Amino acid sequence: MDNLIEIRWHGRGGQGAKTASLLLADAAFNTGKYIQGFPEYGPERMGAPITAYNRISNTPITIHSNIYEPDYVVVVDDTLLESVNVAAGLKETGAIVINTTKDNEYLKNVLKDYKGEIYKIDARKISIEALGKYFPNTPMLAAIVKVSKIMTEEEFLNDMIGSFKHKFAKKPEVIDGNMKALQMALEQVEKVN
Amino acid sequence: MGIRERLSGNEAVATAMKQINPDVVAAFPITPSTEIPQYFSTFVSNGQVDTNFVAVESEHSAMSACIGSESAGARTMTATSANGLSLMWEMIYIASSLRLPIVMSLVNRAVSGPLNIHNDHSDAMGARDSGWIQLFSENNQEAYDNTIMANRIAEHKDVLLPLMVCQDGFITSHSIENIELIEDDKVKEFVGKYTPEHYLLDSENPMAVGPLDLQAYLFEHKAQQAIAMKNAKKVILEVAEEFEKMTGRKYGLFEEYKLEDAEYVIVCMNSTAGTAKAAADELRANGVKAGVLKVRVFRPFPGEEIAKALSKAKAVAVLDKADSLNGQGGALYEDVVSGMYNEKLTIPTINYVYGIGGRDTTVNDIKSVYSDLEKLESKPENPYRYLGLRGDK
Amino acid sequence: MTEDKLNPKTPYQDLTIGGNIYTAGNAKEFKTGDWRSQKPIWIPEKCKQCGLCWPVCPDDAIPVTKDKKRTDFNYDACKGCMVCAKVCPFKAIEKEV
């Protein structure tokens, strides 16, 4: 891992992009990193485009500004692709990870100005199959860990089972489903270009 | 060794308050400080603190309740932001003039209007002459550490003034970052028991507070407040020294970052100082001798000490995250410059008003300031400038 | 704090912080009669010692002896409200002109 990795999340209010950024910060923290996880607050409303950020580093982080040239971008809702410039400033050495069922040609075309790597994952299918409900957070978290290599898959899964046991102490029946969603996502994230 | 954690700035302050376990917390929610009373009332409900939490109907009532309980002899804390502090206005002067060491977490936000909920320092700057000690915090760690030190400073017999711990709304209050917490028992021992010499509930020694104080007396009482504020400098340093022994974390009146050989210096407060440090590091890699002076203690203002720390610089830029709208310059700039004047320091010094209403301030913005400093003439034209404003600057 | 310590010449070092008052029941140590805008005059020749005036005085400015006889006003405390004159049935209290 490079010393400082910067990630930008795009989602819509209510989909949990902010929560996903905090979960990623948690997982990286638990593997010994210095982390920042913060949303960009605007007019809060369900369905409005929202942005959240992560900085992850091996050394203390002092910068306190938004991220304009991220190493990675995560798009939690593919309807944003045509309304928000999700690849703005994205480093070509990095990658973009999109939750979508659209075909590769569409994705390459809509992101034709971005020369770096594009990955996709069907977080809805995984979430419905593993959890019975649509929570795109969990699969997207696994996808960005896989693509960015912030930590090894083993470190990640070990940490997540610990967090889920803590978080879902009162409903342990959902732990397996969440772990299954993570594993499916790690396997199913697919390179587009 | 402390406890490695990751918390937002608001969580960090609420945690410090939990460890301090004050007698009374009276607060009214306002963005972006809402989470502090929210988390704290959870601690109260869960029985993790013994605090009497007073849910009031406005910030004016919150500060009034704080004044009542602190006069009664109870260690009292509160939290607010921006317009909440504005609504406390008359009571914050009463708190300081009655010499009540109330501790407030002020999560800095622009005072409306037009309506804005994001960070700048206009709330704190509005209260700069109210007789409250003001400590500023770069990140969650400093907001936490300053809160742990706050009661000791405010309650010291040579001080007895209320104190606000400031941090940047959203930028640090809502950002999760690494933090090192102190063990509960160590905090308890460090903060100690509150033993005021005089208090209203002391039935053996009845007293009256808040008398009529007309022409013959108010001036003298204000002078006493001014002396207490001067005394606070020494007490702040003594408490910091003890804090360093406990945690290894060193605090002064301000932080000098790569200042010893710096030619170009930026003076600023709160989270921008971290961004400025990153900019200074990048510039130093290219041979520019950049430094940062981060003001921690804004009230009392360490003018003489800051002037001495700046004495070797070639040019200085003071960054104000609030505009005084006085046609002359921001509050921090004017204080720094008057400190320099008293020390007969005539280094070219300019002011940038920046970050108003949450306007983001990046490493590149800060680098542009250093670049201006490298070109600065000995008598700068227009020392009162803007950073990050659209249009003519 | 008594009046010899607290007066308009007291330096700030000697004042209590915030003007706090640490001694209870000290009002009698302070001469507040100089607020008075009207002055009641007692006319002993007309007074029947009926005892109606001194209970209504809000400032306890009419001294009473052990055998319940009033004496002349304590002008260090009297604020000149003239309530005593109002209740006197014998016109034994008059306003100074």
# chains A, B, ... in the order shown; residues from 1 in each chain; ligands from 1
>>> interface_residues(of="chain B", to="chain A", cutoff="12 Å", atoms="only C-alpha atoms", output="VMD selection string")
chain B and resid 4 to 9 31 to 32 115 to 119 138 to 141 168 to 180 270 to 282 355 358 to 366
>>> write_last_selection(atoms="C-alpha atoms", output="short mmCIF file (atom, residue, chain, number, x, y, z; two decimals), in the first residue's frame")
data_model
loop_
_atom_site.label_atom_id
_atom_site.label_comp_id
_atom_site.auth_asym_id
_atom_site.auth_seq_id
_atom_site.Cartn_x
_atom_site.Cartn_y
_atom_site.Cartn_z
CA ARG B 4 -6.03 3.39 20.80
CA GLU B 5 -9.44 4.33 19.43
CA ARG B 6 -11.12 6.00 16.47
CA LEU B 7 -13.71 8.63 17.22
CA SER B 8 -15.23 11.72 15.68
CA GLY B 9 -14.49 15.06 17.33
CA THR B 31 -25.82 21.54 14.53
CA PRO B 32 -22.94 20.62 14.48
CA LEU B 115 -28.39 30.57 6.81
CA ASN B 116 -25.31 28.34 6.93
CA ILE B 117 -24.54 25.38 9.17
CA HIS B 118 -20.90 24.86 8.18
CA ASN B 119 -17.64 25.73 9.79
CA GLU B 138 -6.66 21.01 15.48
CA ASN B 139 -8.31 17.60 15.59
CA ASN B 140 -10.35 15.16 17.70
CA GLN B 141 -7.30 14.39 19.88
CA ASP B 168 -14.12 22.93 13.66
CA GLY B 169 -17.72 21.96 12.96
CA PHE B 170 -18.06 18.92 10.63
CA ILE B 171 -14.38 19.07 9.59
CA THR B 172 -13.29 17.54 12.90
CA SER B 173 -16.58 17.19 14.79
CA HIS B 174 -17.95 14.68 12.25
CA SER B 175 -14.72 13.12 10.97
CA ILE B 176 -13.67 9.76 12.37
CA GLU B 177 -9.97 9.75 13.11
CA ASN B 178 -7.47 7.90 15.26
CA ILE B 179 -7.26 9.07 18.84
CA GLU B 180 -5.47 8.00 22.00
CA ASN B 270 -8.03 24.68 14.46
CA SER B 271 -8.11 22.11 11.64
CA THR B 272 -6.48 24.37 9.01
CA ALA B 273 -3.24 24.07 10.98
CA GLY B 274 -3.06 20.37 10.01
CA THR B 275 -3.56 21.18 6.33
CA ALA B 276 -0.94 23.94 6.65
CA LYS B 277 1.54 21.45 8.17
CA ALA B 278 1.06 19.15 5.16
CA ALA B 279 1.63 22.13 2.82
CA ALA B 280 4.76 23.19 4.75
CA ASP B 281 6.13 19.63 4.50
CA GLU B 282 5.60 19.58 0.72
CA GLY B 355 -12.97 29.26 4.78
CA GLY B 358 -17.42 25.98 5.32
CA ARG B 359 -15.53 26.88 2.12
CA ASP B 360 -13.02 24.04 1.83
CA THR B 361 -9.34 24.94 2.31
CA THR B 362 -6.89 22.63 0.58
CA VAL B 363 -3.14 22.06 0.68
CA ASN B 364 -2.94 23.94 -2.63
CA ASP B 365 -4.76 26.94 -1.14
CA ILE B 366 -2.22 27.06 1.68
#
>>> select_by_dssp(residues="segment 177-222 of chain B", states="strand (DSSP E)", output="list in words")
Glu177, Asn178, Ile179, Glu180 and Leu181 of chain B
>>> residues_around(residues="segment 141-146 of chain A", least_positions_apart="4", cutoff="6 Å", atoms="only C-alpha atoms", output="list in words")
Ile150, Leu182, Ala185, Leu186 and Val189 of chain A
>>> write_last_selection(atoms="N, CA and C atoms", output="CSV table (one decimal), in the first residue's frame")
chain,number,residue,atom,x,y,z
A,150,ILE,N,-6.0,-2.3,0.3
A,150,ILE,CA,-5.7,-1.6,1.6
A,150,ILE,C,-5.3,-2.6,2.6
A,182,LEU,N,-20.0,-10.4,2.1
A,182,LEU,CA,-18.6,-10.0,1.9
A,182,LEU,C,-17.8,-10.9,1.0
A,185,ALA,N,-18.9,-10.8,-2.6
A,185,ALA,CA,-18.4,-9.6,-3.2
A,185,ALA,C,-16.9,-9.7,-3.6
A,186,LEU,N,-16.2,-10.3,-2.7
A,186,LEU,CA,-14.7,-10.4,-3.0
A,186,LEU,C,-14.5,-11.3,-4.2
A,189,VAL,N,-16.4,-9.2,-7.7
A,189,VAL,CA,-16.0,-7.9,-8.3
A,189,VAL,C,-15.3,-8.2,-9.6
>>> residues_around(residues="Gly47 of chain A", least_positions_apart="2", cutoff="12 Å", atoms="only C-alpha atoms", output="PyMOL selection string")
chain A and resi 10-17+43-45+49-50+76-77+79-80
>>> closest_residue(among="A:Met151, A:Met160, A:Leu131, A:Val73", to="Tyr114 of chain A", atoms="only C-alpha atoms")
A:Val73
>>> closest_residue(among="B:Asp145, B:Asp213, B:Asp123, B:Asp185", to="chain C", atoms="only C-alpha atoms")
B:Asp213
>>> select_by_dssp(residues="chain C", states="helix (DSSP H, G or I)", output="count of residues only")
21
>>> residues_around(residues="Tyr106 of chain A", least_positions_apart="5", cutoff="12 Å", atoms="only C-alpha atoms", output="list in words")
Asp78, Leu81, Glu82, Thr100, Thr101, Leu111, Lys112, Ile118, Lys120, Val192 and Asn193 of chain A
>>> write_last_selection(atoms="C-alpha atoms", output="PDB file, in the first residue's frame")
ATOM      1  CA  ASP A  78     -25.213   3.767 -11.009  1.00  0.00           C
ATOM      2  CA  LEU A  81     -23.031   8.035 -13.561  1.00  0.00           C
ATOM      3  CA  GLU A  82     -24.886  10.335 -15.931  1.00  0.00           C
ATOM      4  CA  THR A 100     -24.281  -1.788 -11.411  1.00  0.00           C
ATOM      5  CA  THR A 101     -25.924  -4.318 -13.704  1.00  0.00           C
ATOM      6  CA  LEU A 111     -16.538   6.931 -18.329  1.00  0.00           C
ATOM      7  CA  LYS A 112     -14.723   7.396 -21.642  1.00  0.00           C
ATOM      8  CA  ILE A 118     -13.012   0.303 -14.039  1.00  0.00           C
ATOM      9  CA  LYS A 120     -18.154  -3.413 -11.421  1.00  0.00           C
ATOM     10  CA  VAL A 192     -14.540  -3.961 -16.935  1.00  0.00           C
ATOM     11  CA  ASN A 193     -11.640  -2.663 -19.052  1.00  0.00           C
TER      12      ASN A 193
END
>>> closest_atom_pairs(of="chain C", to="chain B", cutoff="7 Å", atoms="only C-alpha atoms", output="tab-separated table")
residue	atom	partner	partner_atom	distance
C:Pro8	CA	B:Ala216	CA	5.2
C:Tyr12	CA	B:Glu220	CA	4.8
C:Ile17	CA	B:His221	CA	6.6
C:Gly18	CA	B:Leu98	CA	4.6
C:Gly19	CA	B:Pro211	CA	6.3
C:Asn20	CA	B:Val209	CA	4.9
C:Ile21	CA	B:Ala208	CA	5.0
C:Tyr22	CA	B:Met207	CA	4.4
C:Thr23	CA	B:Met207	CA	6.1
C:Ala24	CA	B:Pro206	CA	5.8
>>> write_last_selection(atoms="N, CA and C atoms", output="PDB file, in the first residue's frame")
ATOM      1  N   PRO C   8     -16.707  53.327  47.960  1.00  0.00           N
ATOM      2  CA  PRO C   8     -16.245  53.745  46.621  1.00  0.00           C
ATOM      3  C   PRO C   8     -14.765  54.074  46.527  1.00  0.00           C
ATOM      4  N   TYR C  12      -9.358  47.642  43.701  1.00  0.00           N
ATOM      5  CA  TYR C  12      -9.922  46.404  43.164  1.00  0.00           C
ATOM      6  C   TYR C  12      -9.369  45.157  43.855  1.00  0.00           C
ATOM      7  N   ILE C  17     -14.515  38.828  44.317  1.00  0.00           N
ATOM      8  CA  ILE C  17     -14.722  38.614  42.880  1.00  0.00           C
ATOM      9  C   ILE C  17     -16.210  38.623  42.570  1.00  0.00           C
ATOM     10  N   GLY C  18     -16.540  39.234  41.431  1.00  0.00           N
ATOM     11  CA  GLY C  18     -17.929  39.286  40.997  1.00  0.00           C
ATOM     12  C   GLY C  18     -18.832  40.055  41.947  1.00  0.00           C
ATOM     13  N   GLY C  19     -18.238  40.767  42.910  1.00  0.00           N
ATOM     14  CA  GLY C  19     -19.049  41.479  43.891  1.00  0.00           C
ATOM     15  C   GLY C  19     -19.792  40.536  44.822  1.00  0.00           C
ATOM     16  N   ASN C  20     -19.311  39.293  44.927  1.00  0.00           N
ATOM     17  CA  ASN C  20     -19.969  38.312  45.805  1.00  0.00           C
ATOM     18  C   ASN C  20     -20.033  38.826  47.238  1.00  0.00           C
ATOM     19  N   ILE C  21     -21.118  38.483  47.914  1.00  0.00           N
ATOM     20  CA  ILE C  21     -21.293  38.891  49.311  1.00  0.00           C
ATOM     21  C   ILE C  21     -21.241  37.632  50.168  1.00  0.00           C
ATOM     22  N   TYR C  22     -20.220  37.535  51.012  1.00  0.00           N
ATOM     23  CA  TYR C  22     -19.992  36.306  51.767  1.00  0.00           C
ATOM     24  C   TYR C  22     -20.508  36.357  53.194  1.00  0.00           C
ATOM     25  N   THR C  23     -21.061  37.524  53.639  1.00  0.00           N
ATOM     26  CA  THR C  23     -21.573  37.591  55.002  1.00  0.00           C
ATOM     27  C   THR C  23     -23.078  37.818  54.949  1.00  0.00           C
ATOM     28  N   ALA C  24     -23.812  36.976  55.657  1.00  0.00           N
ATOM     29  CA  ALA C  24     -25.269  37.088  55.627  1.00  0.00           C
ATOM     30  C   ALA C  24     -25.730  38.221  56.536  1.00  0.00           C
TER      31      ALA C  24
END
>>> residues_around(residues="Lys48 of chain C", least_positions_apart="5", cutoff="12 Å", atoms="only C-alpha atoms", output="PDB file with N, CA and C atoms, in the first residue's frame")
ATOM      1  N   TRP C  42     -41.246  63.168  62.234  1.00  0.00           N
ATOM      2  CA  TRP C  42     -42.083  62.699  63.346  1.00  0.00           C
ATOM      3  C   TRP C  42     -42.383  63.877  64.283  1.00  0.00           C
ATOM      4  N   ILE C  43     -43.675  64.045  64.620  1.00  0.00           N
ATOM      5  CA  ILE C  43     -44.047  65.136  65.525  1.00  0.00           C
ATOM      6  C   ILE C  43     -44.510  64.497  66.835  1.00  0.00           C
ATOM      7  N   CYS C  53     -47.527  52.768  62.799  1.00  0.00           N
ATOM      8  CA  CYS C  53     -46.544  53.154  61.788  1.00  0.00           C
ATOM      9  C   CYS C  53     -45.402  52.146  61.636  1.00  0.00           C
ATOM     10  N   LYS C  69     -42.405  51.576  72.393  1.00  0.00           N
ATOM     11  CA  LYS C  69     -42.635  52.979  72.040  1.00  0.00           C
ATOM     12  C   LYS C  69     -41.675  53.347  70.918  1.00  0.00           C
ATOM     13  N   ARG C  70     -42.227  53.995  69.877  1.00  0.00           N
ATOM     14  CA  ARG C  70     -41.353  54.370  68.786  1.00  0.00           C
ATOM     15  C   ARG C  70     -40.499  55.578  69.170  1.00  0.00           C
ATOM     16  N   CYS C  88     -50.744  56.927  59.626  1.00  0.00           N
ATOM     17  CA  CYS C  88     -50.875  57.610  60.922  1.00  0.00           C
ATOM     18  C   CYS C  88     -52.256  58.291  61.040  1.00  0.00           C
ATOM     19  N   PRO C  89     -53.074  57.878  62.041  1.00  0.00           N
ATOM     20  CA  PRO C  89     -54.420  58.462  62.175  1.00  0.00           C
ATOM     21  C   PRO C  89     -54.382  59.870  62.786  1.00  0.00           C
ATOM     22  N   PHE C  90     -53.193  60.271  63.294  1.00  0.00           N
ATOM     23  CA  PHE C  90     -53.137  61.514  64.085  1.00  0.00           C
ATOM     24  C   PHE C  90     -52.315  62.617  63.417  1.00  0.00           C
ATOM     25  N   LYS C  91     -51.951  62.396  62.152  1.00  0.00           N
ATOM     26  CA  LYS C  91     -51.122  63.358  61.418  1.00  0.00           C
ATOM     27  C   LYS C  91     -49.844  63.713  62.195  1.00  0.00           C
ATOM     28  N   ALA C  92     -49.292  62.686  62.856  1.00  0.00           N
ATOM     29  CA  ALA C  92     -48.074  62.895  63.639  1.00  0.00           C
ATOM     30  C   ALA C  92     -46.816  62.711  62.793  1.00  0.00           C
ATOM     31  N   ILE C  93     -46.985  62.342  61.489  1.00  0.00           N
ATOM     32  CA  ILE C  93     -45.847  62.233  60.572  1.00  0.00           C
ATOM     33  C   ILE C  93     -46.147  63.106  59.365  1.00  0.00           C
TER      34      ILE C  93
END
>>> atom_distance(atom1="atom CA of Ala52 of chain A", atom2="atom CA of Pro70 of chain A")
11.6 Å
>>> atom_distance(atom1="atom CA of Glu305 of chain B", atom2="atom CA of Leu161 of chain B")
21.9 Å
>>> residues_around(residues="Asp159 of chain A", least_positions_apart="5", cutoff="9 Å", atoms="only C-alpha atoms", output="list in words")
Ala27, Asn30, Thr31, Glu154 and Phe164 of chain A
>>> closest_residue(among="B:Ala285, B:Cys166, B:Ala154, B:Leu87", to="Glu70 of chain B", atoms="only C-alpha atoms")
B:Ala154
>>> atom_distance(atom1="atom CA of Ile227 of chain B", atom2="atom CA of His156 of chain B")
13.3 Å
>>> closest_residue(among="A:Val147, A:Phe135, A:Asn178, A:Glu69", to="Gly162 of chain A", atoms="only C-alpha atoms")
A:Asn178
